[in-house]
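Just protein32.txt here, compact mmCIF, C-alpha atoms and all ligand atoms:
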```
# COMPACT_ATOMS: atom_id res chain seq x y z
CA MET A 1 24.64 -36.05 20.92
CA ALA A 2 28.21 -35.57 22.13
CA ASP A 3 29.22 -33.41 19.17
CA LYS A 4 26.62 -30.75 20.01
CA ILE A 5 27.21 -27.54 21.92
CA GLN A 6 24.75 -25.16 23.56
CA CYS A 7 25.30 -21.56 22.34
CA SER A 8 23.64 -18.62 24.07
CA THR A 9 23.00 -17.00 20.67
CA HIS A 10 22.25 -19.95 18.39
CA GLY A 11 20.93 -22.68 20.71
CA GLU A 12 22.01 -26.29 20.18
CA ARG A 13 24.48 -26.52 17.28
CA GLU A 14 27.41 -28.57 16.07
CA ARG A 15 30.80 -28.24 17.75
CA THR A 16 33.41 -26.55 15.57
CA TYR A 17 36.95 -25.27 16.13
CA VAL A 18 38.54 -21.99 15.06
CA CYS A 19 41.69 -20.14 16.09
CA ALA A 20 41.06 -17.74 18.97
CA HIS A 21 41.56 -14.70 16.67
CA LEU A 22 38.36 -15.55 14.84
CA LEU A 23 36.21 -15.30 17.96
CA GLY A 24 33.96 -12.38 18.74
CA GLU A 25 33.50 -9.30 16.61
CA THR A 26 36.68 -9.49 14.52
CA ALA A 27 36.49 -8.98 10.76
CA GLY A 28 38.74 -9.19 7.72
CA LEU A 29 41.37 -11.46 9.36
CA GLY A 30 41.18 -14.14 6.68
CA PHE A 31 39.44 -17.50 7.00
CA ASN A 32 41.49 -20.61 6.14
CA SER A 33 40.32 -24.21 6.31
CA ASP A 34 40.22 -27.45 4.41
CA GLU A 35 37.53 -27.50 1.72
CA PRO A 36 34.18 -28.15 3.45
CA ASP A 37 32.14 -31.12 2.21
CA SER A 38 28.88 -32.79 3.24
CA ASP A 39 30.64 -34.97 5.84
CA HIS A 40 32.61 -32.02 7.22
CA PRO A 41 30.60 -28.84 6.63
CA PHE A 42 32.60 -26.97 9.31
CA PRO A 43 36.29 -27.92 8.98
CA ASP A 44 38.70 -26.39 11.54
CA ALA A 45 39.48 -22.80 10.53
CA TRP A 46 42.23 -20.27 11.26
CA CYS A 47 43.12 -16.67 10.40
CA ASP A 48 45.81 -15.43 7.98
CA ASN A 49 48.37 -14.92 10.76
CA CYS A 50 47.90 -18.49 11.95
CA GLU A 51 48.18 -19.55 8.30
CA LEU A 52 51.71 -18.01 8.27
CA ILE A 53 52.59 -20.20 11.27
CA ARG A 54 51.14 -23.27 9.57
CA ALA A 55 52.99 -22.56 6.32
CA ALA A 56 56.30 -22.00 8.17
CA HIS A 57 55.93 -25.48 9.66
CA ASN A 58 54.84 -27.08 6.38
CA GLY A 59 51.45 -27.91 7.85
CA TRP A 60 49.95 -28.49 11.26
CA ASN A 61 52.45 -30.33 13.46
CA GLU A 62 52.89 -30.39 17.20
CA GLU A 63 55.06 -27.27 17.27
CA ALA A 64 52.77 -25.24 15.02
CA GLU A 65 49.75 -26.28 17.05
CA ARG A 66 51.45 -25.16 20.24
CA LEU A 67 51.72 -21.63 18.82
CA VAL A 68 48.04 -21.39 17.92
CA LYS A 69 45.20 -21.16 20.39
CA ILE A 70 42.20 -23.14 19.18
CA SER A 71 38.70 -22.44 20.53
CA LEU A 72 35.46 -24.33 20.51
CA VAL A 73 32.50 -22.48 18.95
CA CYS A 74 29.04 -23.42 17.73
CA SER A 75 28.44 -23.84 13.99
CA GLY A 76 26.33 -20.65 13.96
CA CYS A 77 29.19 -18.60 15.38
CA TYR A 78 31.50 -20.41 12.93
CA ASP A 79 29.34 -19.27 9.99
CA ARG A 80 29.39 -15.72 11.32
CA ALA A 81 33.19 -15.80 11.67
CA ARG A 82 33.47 -17.18 8.14
CA ILE A 83 31.40 -14.35 6.64
CA ARG A 84 33.14 -11.60 8.61
CA ASN A 85 36.69 -12.79 8.05
CA THR A 86 36.65 -14.17 4.53
CA THR A 87 38.70 -11.76 2.42
CA THR A 88 37.44 -10.53 -0.95
CA SER A 89 39.20 -8.71 -3.78
CA VAL A 90 36.92 -5.68 -3.34
CA THR A 91 36.50 -4.67 0.32
CA LEU A 92 34.12 -2.29 2.04
CA ASP A 93 37.06 0.12 2.41
CA ASP A 94 37.30 0.24 -1.39
CA LEU A 95 33.84 1.80 -1.38
CA ALA A 96 34.98 4.65 0.90
CA ASP A 97 35.66 6.99 -2.01
CA LEU A 98 32.32 6.57 -3.74
CA ARG A 99 30.44 9.87 -4.02
CA TRP A 100 26.71 9.96 -4.56
CA LYS A 101 23.81 12.37 -4.50
CA CYS A 102 21.23 11.41 -1.89
CA GLY A 103 17.59 11.14 -2.92
CA ASN A 104 16.43 12.05 0.61
CA CYS A 105 18.41 15.18 1.44
CA GLU A 106 19.76 16.15 -2.00
CA GLU A 107 23.25 16.36 -0.48
CA TRP A 108 26.34 14.64 -1.79
CA HIS A 109 27.50 11.82 0.47
CA THR A 110 30.79 9.94 0.47
CA GLY A 111 31.28 6.23 1.24
CA PRO A 112 29.10 3.17 0.94
CA CYS A 113 25.33 3.50 1.14
CA LEU A 114 24.12 0.47 3.08
CA ASP A 115 20.39 1.22 3.39
CA PHE A 116 17.73 1.06 0.74
CA GLY A 117 14.07 1.00 1.63
CA TYR A 118 10.51 0.98 0.41
CA ASP A 119 7.72 3.22 1.72
CA SER A 120 4.90 0.76 1.05
CA PRO A 121 4.31 -2.92 0.31
CA ARG A 122 3.96 -3.80 -3.36
CA TYR A 123 0.21 -4.35 -2.93
CA TRP A 124 -0.37 -0.70 -1.96
CA LEU A 125 -1.83 1.04 -5.02
CA GLU A 126 -2.82 4.55 -6.05
CA GLU A 127 -6.47 3.77 -5.23
CA HIS A 128 -5.49 2.86 -1.66
CA THR A 129 -3.80 6.22 -1.16
CA GLU A 130 -7.05 7.79 -2.31
CA ALA A 131 -9.21 5.61 -0.04
CA SER A 132 -7.09 6.30 3.03
CA ARG A 133 -7.14 10.05 2.35
CA VAL A 134 -10.92 10.05 2.22
CA ALA A 135 -11.13 8.00 5.43
CA SER A 136 -8.80 10.37 7.27
CA LEU A 137 -11.13 13.27 6.38
CA MET A 138 -14.04 11.55 8.13
CA PRO A 139 -13.30 11.70 11.87
CA SER A 140 -16.13 9.30 12.67
CA TRP A 141 -14.57 6.66 10.42
CA SER A 142 -11.03 7.10 11.58
CA LYS A 143 -11.34 4.70 14.52
CA GLU A 144 -11.81 1.83 12.16
CA ARG A 145 -9.87 2.81 9.13
CA LYS A 146 -9.75 -0.27 6.99
CA THR A 147 -7.10 0.93 4.60
CA PHE A 148 -4.11 2.87 5.81
CA LEU A 149 -0.37 3.24 5.42
CA ASP A 150 2.09 4.81 7.83
CA GLU A 151 5.82 4.50 8.31
CA ASP A 152 5.60 1.08 9.96
CA TYR A 153 2.22 -0.48 9.32
CA CYS A 154 -0.15 -0.99 6.46
CA ALA A 155 -3.64 -2.48 6.13
CA ILE A 156 -5.62 -2.94 2.93
CA ASP A 157 -9.40 -3.37 2.99
CA ASP A 158 -9.21 -4.73 6.55
CA HIS A 159 -8.03 -7.95 4.94
CA ASP A 160 -4.28 -7.72 4.23
CA PHE A 161 -1.83 -6.57 6.90
CA PHE A 162 1.83 -5.64 6.65
CA VAL A 163 4.70 -4.46 8.81
CA ARG A 164 7.85 -2.69 7.69
CA GLY A 165 11.12 -4.30 8.77
CA THR A 166 14.73 -4.81 7.84
CA ILE A 167 16.58 -7.64 6.11
CA HIS A 168 20.20 -7.50 7.26
CA LEU A 169 22.69 -9.01 4.80
CA PRO A 170 26.09 -9.56 6.44
CA ILE A 171 28.86 -8.10 4.26
CA VAL A 172 31.60 -10.64 3.54
CA GLY A 173 34.92 -9.61 5.14
CA SER A 174 33.36 -7.04 7.46
CA ALA A 175 31.29 -6.65 10.62
CA GLU A 176 28.79 -4.43 8.75
CA THR A 177 25.46 -5.36 7.25
CA PHE A 178 23.75 -4.16 4.09
CA ARG A 179 20.08 -3.44 4.81
CA TRP A 180 16.91 -3.73 2.78
CA GLY A 181 13.96 -1.86 4.33
CA VAL A 182 11.02 -3.95 3.15
CA TRP A 183 7.50 -5.08 4.04
CA GLY A 184 6.24 -8.41 5.29
CA SER A 185 2.69 -9.70 5.60
CA LEU A 186 1.17 -10.53 8.98
CA SER A 187 -1.92 -12.43 9.99
CA ARG A 188 -4.68 -10.26 11.43
CA GLY A 189 -4.02 -11.72 14.87
CA ASN A 190 -0.28 -11.01 14.82
CA PHE A 191 -0.86 -7.54 13.39
CA ASP A 192 -3.19 -6.72 16.30
CA VAL A 193 -0.80 -8.18 18.88
CA LEU A 194 2.08 -6.15 17.46
CA LYS A 195 0.14 -2.88 17.31
CA ARG A 196 -1.12 -3.37 20.86
CA ASN A 197 2.36 -4.10 22.28
CA ASP A 198 4.39 -0.96 21.83
CA ASP A 199 6.15 -1.26 25.20
CA GLN A 200 9.43 -2.84 26.28
CA GLN A 201 7.82 -6.29 26.52
CA ARG A 202 7.36 -6.51 22.78
CA ILE A 203 10.84 -8.01 22.35
CA ASP A 204 9.53 -11.09 24.16
CA LEU A 205 6.95 -11.72 21.43
CA PRO A 206 7.71 -14.96 19.58
CA PRO A 207 8.85 -14.71 15.92
CA MET A 208 5.88 -14.23 13.57
CA PHE A 209 5.41 -15.90 10.21
CA SER A 210 5.46 -13.57 7.21
CA TRP A 211 5.62 -13.46 3.41
CA LEU A 212 8.00 -10.91 1.92
CA SER A 213 5.76 -8.32 0.27
CA THR A 214 8.31 -6.20 -1.56
CA ARG A 215 9.73 -6.85 -4.99
CA ILE A 216 13.43 -5.99 -5.08
CA PRO A 217 14.41 -5.72 -8.74
CA GLU A 218 18.05 -6.69 -8.17
CA TYR A 219 16.86 -10.28 -7.63
CA PRO A 220 14.50 -12.77 -9.26
CA ASP A 221 11.01 -12.06 -7.88
CA THR A 222 11.35 -11.69 -4.10
CA THR A 223 7.63 -11.57 -3.27
CA ASN A 224 6.35 -14.37 -1.05
CA LEU A 225 9.72 -15.54 0.19
CA LYS A 226 9.11 -17.13 3.60
CA MET A 227 10.29 -15.12 6.59
CA TYR A 228 10.08 -14.80 10.34
CA VAL A 229 9.54 -11.42 11.94
CA HIS A 230 11.75 -10.80 14.98
CA ILE A 231 10.30 -7.97 17.04
CA GLN A 232 12.83 -5.46 18.41
CA LYS A 233 12.67 -2.82 21.12
CA PRO A 234 10.10 -0.01 20.78
CA ARG A 235 10.87 2.40 17.92
CA GLN A 236 13.15 -0.14 16.25
CA ARG A 237 11.96 -1.87 13.13
CA PRO A 238 11.59 -5.65 13.24
CA HIS A 239 14.27 -7.85 11.68
CA PHE A 240 13.17 -10.27 8.99
CA GLU A 241 14.79 -13.71 9.03
CA LEU A 242 14.65 -15.40 5.63
CA GLU A 243 14.08 -19.11 5.29
CA LEU A 244 17.15 -20.83 3.81
CA THR A 245 16.47 -21.58 0.13
CA ASP A 246 18.36 -21.35 -3.17
CA HIS A 247 16.91 -17.89 -3.82
CA PRO A 248 19.78 -15.38 -4.24
CA LEU A 249 18.35 -13.09 -1.53
CA SER A 250 18.14 -15.98 0.93
CA GLN A 251 21.68 -17.01 -0.03
CA GLU A 252 22.96 -13.49 0.63
CA TYR A 253 21.10 -13.43 3.95
CA HIS A 254 22.70 -16.68 5.12
CA LYS A 255 26.10 -16.59 3.36
CA GLY A 256 26.74 -12.87 3.07
CA ILE A 257 26.82 -10.25 0.32
CA THR A 258 30.12 -9.14 -1.25
CA SER A 259 31.27 -5.51 -1.27
CA GLU A 260 31.47 -5.73 -5.04
CA ARG A 261 27.77 -6.52 -5.21
CA VAL A 262 27.00 -3.70 -2.74
CA ARG A 263 28.81 -1.32 -5.09
CA GLU A 264 26.82 -2.65 -8.07
CA ILE A 265 23.54 -2.06 -6.24
CA MET A 266 24.63 1.45 -5.20
CA MET A 267 25.75 2.43 -8.69
CA GLY A 268 22.50 1.12 -10.14
CA ARG A 269 20.25 2.92 -7.67
CA LEU A 270 21.84 6.21 -6.75
CA ARG A 271 21.57 9.22 -8.95
CA ASP A 272 24.91 10.70 -9.87
CA ALA A 273 27.06 8.10 -8.15
CA GLU A 274 30.72 8.15 -9.07
CA GLN A 275 33.98 6.60 -7.96
CA ARG A 276 36.68 9.20 -7.35
ZN ZN A 301 44.51 -16.99 14.19
ZN ZN A 302 26.78 -19.60 18.37
ZN ZN A 303 21.16 12.15 2.60
```

Represent the structure of the file as structure tokens.
Amino acid sequence: MADKIQCSTHGERERTYVCAHLLGETAGLGFNSDEPDSDHPFPDAWCDNCELIRAAHNGWNEEAERLVKISLVCSGCYDRARIRNTTTSVTLDDLADLRWKCGNCEEWHTGPCLDFGYDSPRYWLEEHTEASRVASLMPSWSKERKTFLDEDYCAIDDHDFFVRGTIHLPIVGSAETFRWGVWGSLSRGNFDVLKRNDDQQRIDLPPMFSWLSTRIPEYPDTTNLKMYVHIQKPRQRPHFELELTDHPLSQEYHKGITSERVREIMMGRLRDAEQR
């Protein structure tokens, strides 16, 4: 179709138009447009500076349009620009003076904490820790340990398989992401393929289907949300792509998380967190 564009990042998407300032890695510049609706989900958009030009001309006229450089982008890049440049009342900078005591190193840190993780999938129980300890004491068994947990992989009873990865939530009004370190299920076949490919070529592996296997209490039950595992370079954890649904975690994955909500999560999770 004529209104499609081929994007090197997003593939074939709709054609959309934004002012040139909103291209690339910019953040916090403001994102102005007509109200999107189902017929026009991606109305032309411009930054706050271009909005000053538009307002000075009482709307877009020939002269105002001459002063503003408009660029063609794909709808995926448009969505990214929208998340990064939409301004919010609380910004990531407002979190710069948060102080909190770290559970890992016992030190006091200052600024936003953007990583929270889980050491095991929710199906890993006390009895599994016991079973894997026994197995590790028996060298002859260790080749075929059926139940084990390490920093990246987990198997239970040679039947359920999991990989640890990261869900990146883009933070509205910034180029940063907030990151949940969580576990996703894998089929036996994909688990074997992944464990066998620990070299550079692993990034060429196709995305793998997965069910989210961590319950994150800040949301309605997150277990069994549908995901795709995107394998990264060696020694980098996979990225989990969430299927688009109405679930609040999926919404935050696709539409962004606000700094205000990041602060809420921090204050709820960190011991001795305070705002100076
Ligand atoms: Zn602009
Ligand atoms: Zn794109
Ligand atoms: Zn620390």

**Request:** Could you tell me, counting only C-alpha atoms and all ligand atoms, which protein and nucleic acid residues lie no more than 7 Å from ligand ZN 303 (chain A), written as number ranges by chain?
**Result:** A: 102-107, 109

Write out as AutoDock Vina command-line options an axis-aligned box for stretch 207-226 of chain A: all of its atoms listed in the file, 8 Å added on each side, centre and edge lengths in Å with one decimal.
```
--center_x 11.7 --center_y -11.4 --center_z 3.3 --size_x 28.6 --size_y 27.4 --size_z 41.2
```

**Request:** Kindly compile the residues surrounding ligand ZN 302 (chain A) within 12 Å, counting all atoms listed in the file, and format them as JSON, numbers by chain.
**Result:** {"A": [4, 5, 6, 7, 8, 9, 10, 11, 12, 13, 14, 15, 16, 17, 23, 24, 72, 73, 74, 75, 76, 77, 78, 79, 80, 81]}

**Message:** Show me, as a PyMOL selection string, the residues that have an atom within 12 Å of stretch 187-195 of chain A when counting all atoms listed in the file, minus same-chain residues fewer than 6 positions from it.
**Reply:** chain A and resi 152-164+201-211+228-235+237-238

**Message:** Can you work out which residues are within 7 Å of ligand ZN 301 (chain A), considering only C-alpha atoms and all ligand atoms, and then hand them over as number ranges by chain?
**Reply:** A: 19-22, 46-50, 68

**Asked** Which protein, DNA or RNA residues have an atom at most 12 Å from (34.8, 4.3, -3.4), counting all atoms listed in the file? List them as a list in words.
**Response** Val90, Thr91, Leu92, Asp93, Asp94, Leu95, Ala96, Asp97, Leu98, Arg99, Trp100, His109, Thr110, Gly111, Pro112, Cys113, Ser259, Glu260, Val262, Arg263, Glu264, Met266, Met267, Ala273, Glu274, Gln275 and Arg276 of chain A

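What separates atom CA of A:Pro170 from atom CA of A:Ile257 is a distance of 6.2 Å.
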
**Prompt:** Closest to A:Glu241 among A:Gly256, A:Gly173, A:Gly165, A:Pro121, using all atoms listed in the file?
**Reply:**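 Looking at the shortest contact to A:Glu241, the residue is A:Gly165.
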
**Item:** Polymer residues at most 6 Å from A:Ala45, all atoms listed in the file, same-chain spacing of 6 or more positions, as a ChimeraX atom specification
**Value:** /A:18,32-33

**Fill in**
Students should find that atom CA of A:Asp115 and atom CA of A:Phe148 are spaced 24.7 Å

**Message:** Just want the 8 Å neighbourhood of stretch 122-138 of chain A, counted on only C-alpha atoms, with same-chain residues fewer than 6 positions away dropped. Output as a VMD selection string.
**Reply:** chain A and resid 145 147 to 149 156 213 to 215

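From atom CA of A:Asp119 back to atom CA of A:Trp180, the distance works out to 11.6 Å.
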
**Message:** Set the distance at 8 Å and use all atoms listed in the file: which residues neighbour A:Arg54 once local chain neighbours fewer than 5 positions away are removed? I'd like the list as a list in words.
**Reply:**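 Those residues are Gly59, Trp60 and Ala64 of chain A.
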
**Prompt:** Out of A:Glu62, A:Glu151, A:Glu252, A:Asp246, which residue has the shortest atom-to-atom distance to A:His168 when counting all atoms listed in the file?
**Reply:**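 Using all atoms listed in the file, the shortest distance to A:His168 belongs to A:Glu252.
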
**Prompt:** Nearest to A:Leu186 among A:Asn61, A:Asn224, A:Gln251, A:Ser38, with distances taken over all atoms listed in the file: which residue is it?
**Reply:**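 The answer is A:Asn224, which sits nearest to A:Leu186.
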
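Considering only C-alpha atoms, the residue among A:Ile70, A:Leu242, A:Ser174, A:Thr26 positioned nearest to A:Thr222 is A:Leu242.
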
Which residues are near A:His247? Cut-off 10 Å, all atoms listed in the file, ignore same chain within fewer than 3 positions. Put them as a tab-separated table (two decimals) with C-alpha atoms, keeping the file's coordinate frame.
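Okay, this is what ended up in selection.tsv:
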```tsv
chain	number	residue	atom	x	y	z
A	219	TYR	CA	16.86	-10.28	-7.63
A	220	PRO	CA	14.50	-12.77	-9.26
A	221	ASP	CA	11.01	-12.06	-7.88
A	222	THR	CA	11.35	-11.69	-4.10
A	225	LEU	CA	9.72	-15.54	0.19
A	243	GLU	CA	14.08	-19.11	5.29
A	244	LEU	CA	17.15	-20.83	3.81
A	250	SER	CA	18.14	-15.98	0.93
A	251	GLN	CA	21.68	-17.01	-0.03
A	252	GLU	CA	22.96	-13.49	0.63
A	253	TYR	CA	21.10	-13.43	3.95
```

**Request:** Return the single residue from A:Arg269, A:Arg82, A:Lys255, A:Arg179 that is closest to A:Pro43, with distances computed using only C-alpha atoms.
**Result:**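 Going through A:Arg269, A:Arg82, A:Lys255, A:Arg179 one by one, the smallest distance to A:Pro43 is for A:Arg82.
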
Could you model N, CA and C atoms for stretch 175-201 of chain A and present them as a PDB file, in the coordinates of the input?
```pdb
ATOM      1  N   ALA A 175      32.263  -6.465   9.546  1.00  0.00           N
ATOM      2  CA  ALA A 175      31.290  -6.650  10.620  1.00  0.00           C
ATOM      3  C   ALA A 175      29.998  -5.899  10.306  1.00  0.00           C
ATOM      4  N   GLU A 176      29.945  -5.241   9.144  1.00  0.00           N
ATOM      5  CA  GLU A 176      28.790  -4.430   8.750  1.00  0.00           C
ATOM      6  C   GLU A 176      27.706  -5.292   8.098  1.00  0.00           C
ATOM      7  N   THR A 177      26.502  -4.735   8.057  1.00  0.00           N
ATOM      8  CA  THR A 177      25.460  -5.360   7.250  1.00  0.00           C
ATOM      9  C   THR A 177      24.969  -4.374   6.198  1.00  0.00           C
ATOM     10  N   PHE A 178      24.465  -4.931   5.104  1.00  0.00           N
ATOM     11  CA  PHE A 178      23.750  -4.160   4.090  1.00  0.00           C
ATOM     12  C   PHE A 178      22.261  -4.391   4.377  1.00  0.00           C
ATOM     13  N   ARG A 179      21.438  -3.328   4.287  1.00  0.00           N
ATOM     14  CA  ARG A 179      20.080  -3.440   4.810  1.00  0.00           C
ATOM     15  C   ARG A 179      19.013  -3.088   3.782  1.00  0.00           C
ATOM     16  N   TRP A 180      18.097  -4.002   3.596  1.00  0.00           N
ATOM     17  CA  TRP A 180      16.910  -3.730   2.780  1.00  0.00           C
ATOM     18  C   TRP A 180      15.754  -3.400   3.718  1.00  0.00           C
ATOM     19  N   GLY A 181      15.156  -2.216   3.571  1.00  0.00           N
ATOM     20  CA  GLY A 181      13.960  -1.860   4.330  1.00  0.00           C
ATOM     21  C   GLY A 181      12.734  -2.269   3.532  1.00  0.00           C
ATOM     22  N   VAL A 182      12.084  -3.350   3.956  1.00  0.00           N
ATOM     23  CA  VAL A 182      11.020  -3.950   3.150  1.00  0.00           C
ATOM     24  C   VAL A 182       9.800  -4.259   4.003  1.00  0.00           C
ATOM     25  N   TRP A 183       8.761  -4.792   3.364  1.00  0.00           N
ATOM     26  CA  TRP A 183       7.500  -5.080   4.040  1.00  0.00           C
ATOM     27  C   TRP A 183       7.229  -6.578   4.062  1.00  0.00           C
ATOM     28  N   GLY A 184       6.633  -7.021   5.173  1.00  0.00           N
ATOM     29  CA  GLY A 184       6.240  -8.410   5.290  1.00  0.00           C
ATOM     30  C   GLY A 184       4.781  -8.503   5.708  1.00  0.00           C
ATOM     31  N   SER A 185       4.098  -9.532   5.231  1.00  0.00           N
ATOM     32  CA  SER A 185       2.690  -9.700   5.600  1.00  0.00           C
ATOM     33  C   SER A 185       2.598 -10.211   7.037  1.00  0.00           C
ATOM     34  N   LEU A 186       1.461  -9.965   7.651  1.00  0.00           N
ATOM     35  CA  LEU A 186       1.170 -10.530   8.980  1.00  0.00           C
ATOM     36  C   LEU A 186      -0.267 -11.014   8.980  1.00  0.00           C
ATOM     37  N   SER A 187      -0.531 -12.033   9.781  1.00  0.00           N
ATOM     38  CA  SER A 187      -1.920 -12.430   9.990  1.00  0.00           C
ATOM     39  C   SER A 187      -2.616 -11.315  10.763  1.00  0.00           C
ATOM     40  N   ARG A 188      -3.936 -11.274  10.688  1.00  0.00           N
ATOM     41  CA  ARG A 188      -4.680 -10.260  11.430  1.00  0.00           C
ATOM     42  C   ARG A 188      -4.347 -10.324  12.923  1.00  0.00           C
ATOM     43  N   GLY A 189      -4.294 -11.557  13.452  1.00  0.00           N
ATOM     44  CA  GLY A 189      -4.020 -11.720  14.870  1.00  0.00           C
ATOM     45  C   GLY A 189      -2.660 -11.159  15.262  1.00  0.00           C
ATOM     46  N   ASN A 190      -1.622 -11.502  14.504  1.00  0.00           N
ATOM     47  CA  ASN A 190      -0.280 -11.010  14.820  1.00  0.00           C
ATOM     48  C   ASN A 190      -0.176  -9.495  14.642  1.00  0.00           C
ATOM     49  N   PHE A 191      -0.855  -8.987  13.631  1.00  0.00           N
ATOM     50  CA  PHE A 191      -0.860  -7.540  13.390  1.00  0.00           C
ATOM     51  C   PHE A 191      -1.444  -6.818  14.607  1.00  0.00           C
ATOM     52  N   ASP A 192      -2.550  -7.335  15.117  1.00  0.00           N
ATOM     53  CA  ASP A 192      -3.190  -6.720  16.300  1.00  0.00           C
ATOM     54  C   ASP A 192      -2.288  -6.809  17.522  1.00  0.00           C
ATOM     55  N   VAL A 193      -1.699  -7.992  17.726  1.00  0.00           N
ATOM     56  CA  VAL A 193      -0.800  -8.180  18.880  1.00  0.00           C
ATOM     57  C   VAL A 193       0.346  -7.180  18.811  1.00  0.00           C
ATOM     58  N   LEU A 194       0.924  -7.033  17.628  1.00  0.00           N
ATOM     59  CA  LEU A 194       2.080  -6.150  17.460  1.00  0.00           C
ATOM     60  C   LEU A 194       1.696  -4.692  17.699  1.00  0.00           C
ATOM     61  N   LYS A 195       0.557  -4.271  17.156  1.00  0.00           N
ATOM     62  CA  LYS A 195       0.140  -2.880  17.310  1.00  0.00           C
ATOM     63  C   LYS A 195      -0.228  -2.571  18.757  1.00  0.00           C
ATOM     64  N   ARG A 196      -0.730  -3.575  19.470  1.00  0.00           N
ATOM     65  CA  ARG A 196      -1.120  -3.370  20.860  1.00  0.00           C
ATOM     66  C   ARG A 196       0.104  -3.303  21.784  1.00  0.00           C
ATOM     67  N   ASN A 197       1.180  -4.020  21.417  1.00  0.00           N
ATOM     68  CA  ASN A 197       2.360  -4.100  22.280  1.00  0.00           C
ATOM     69  C   ASN A 197       3.446  -3.137  21.816  1.00  0.00           C
ATOM     70  N   ASP A 198       3.332  -1.884  22.238  1.00  0.00           N
ATOM     71  CA  ASP A 198       4.390  -0.960  21.830  1.00  0.00           C
ATOM     72  C   ASP A 198       5.304  -0.635  23.007  1.00  0.00           C
ATOM     73  N   ASP A 199       5.292  -1.487  24.031  1.00  0.00           N
ATOM     74  CA  ASP A 199       6.150  -1.260  25.200  1.00  0.00           C
ATOM     75  C   ASP A 199       7.372  -2.163  25.150  1.00  0.00           C
ATOM     76  N   GLN A 200       8.168  -2.105  26.194  1.00  0.00           N
ATOM     77  CA  GLN A 200       9.430  -2.840  26.280  1.00  0.00           C
ATOM     78  C   GLN A 200       9.235  -4.349  26.109  1.00  0.00           C
ATOM     79  N   GLN A 201       8.046  -4.843  26.553  1.00  0.00           N
ATOM     80  CA  GLN A 201       7.820  -6.290  26.520  1.00  0.00           C
ATOM     81  C   GLN A 201       7.720  -6.867  25.106  1.00  0.00           C
TER      82      GLN A 201
END
```
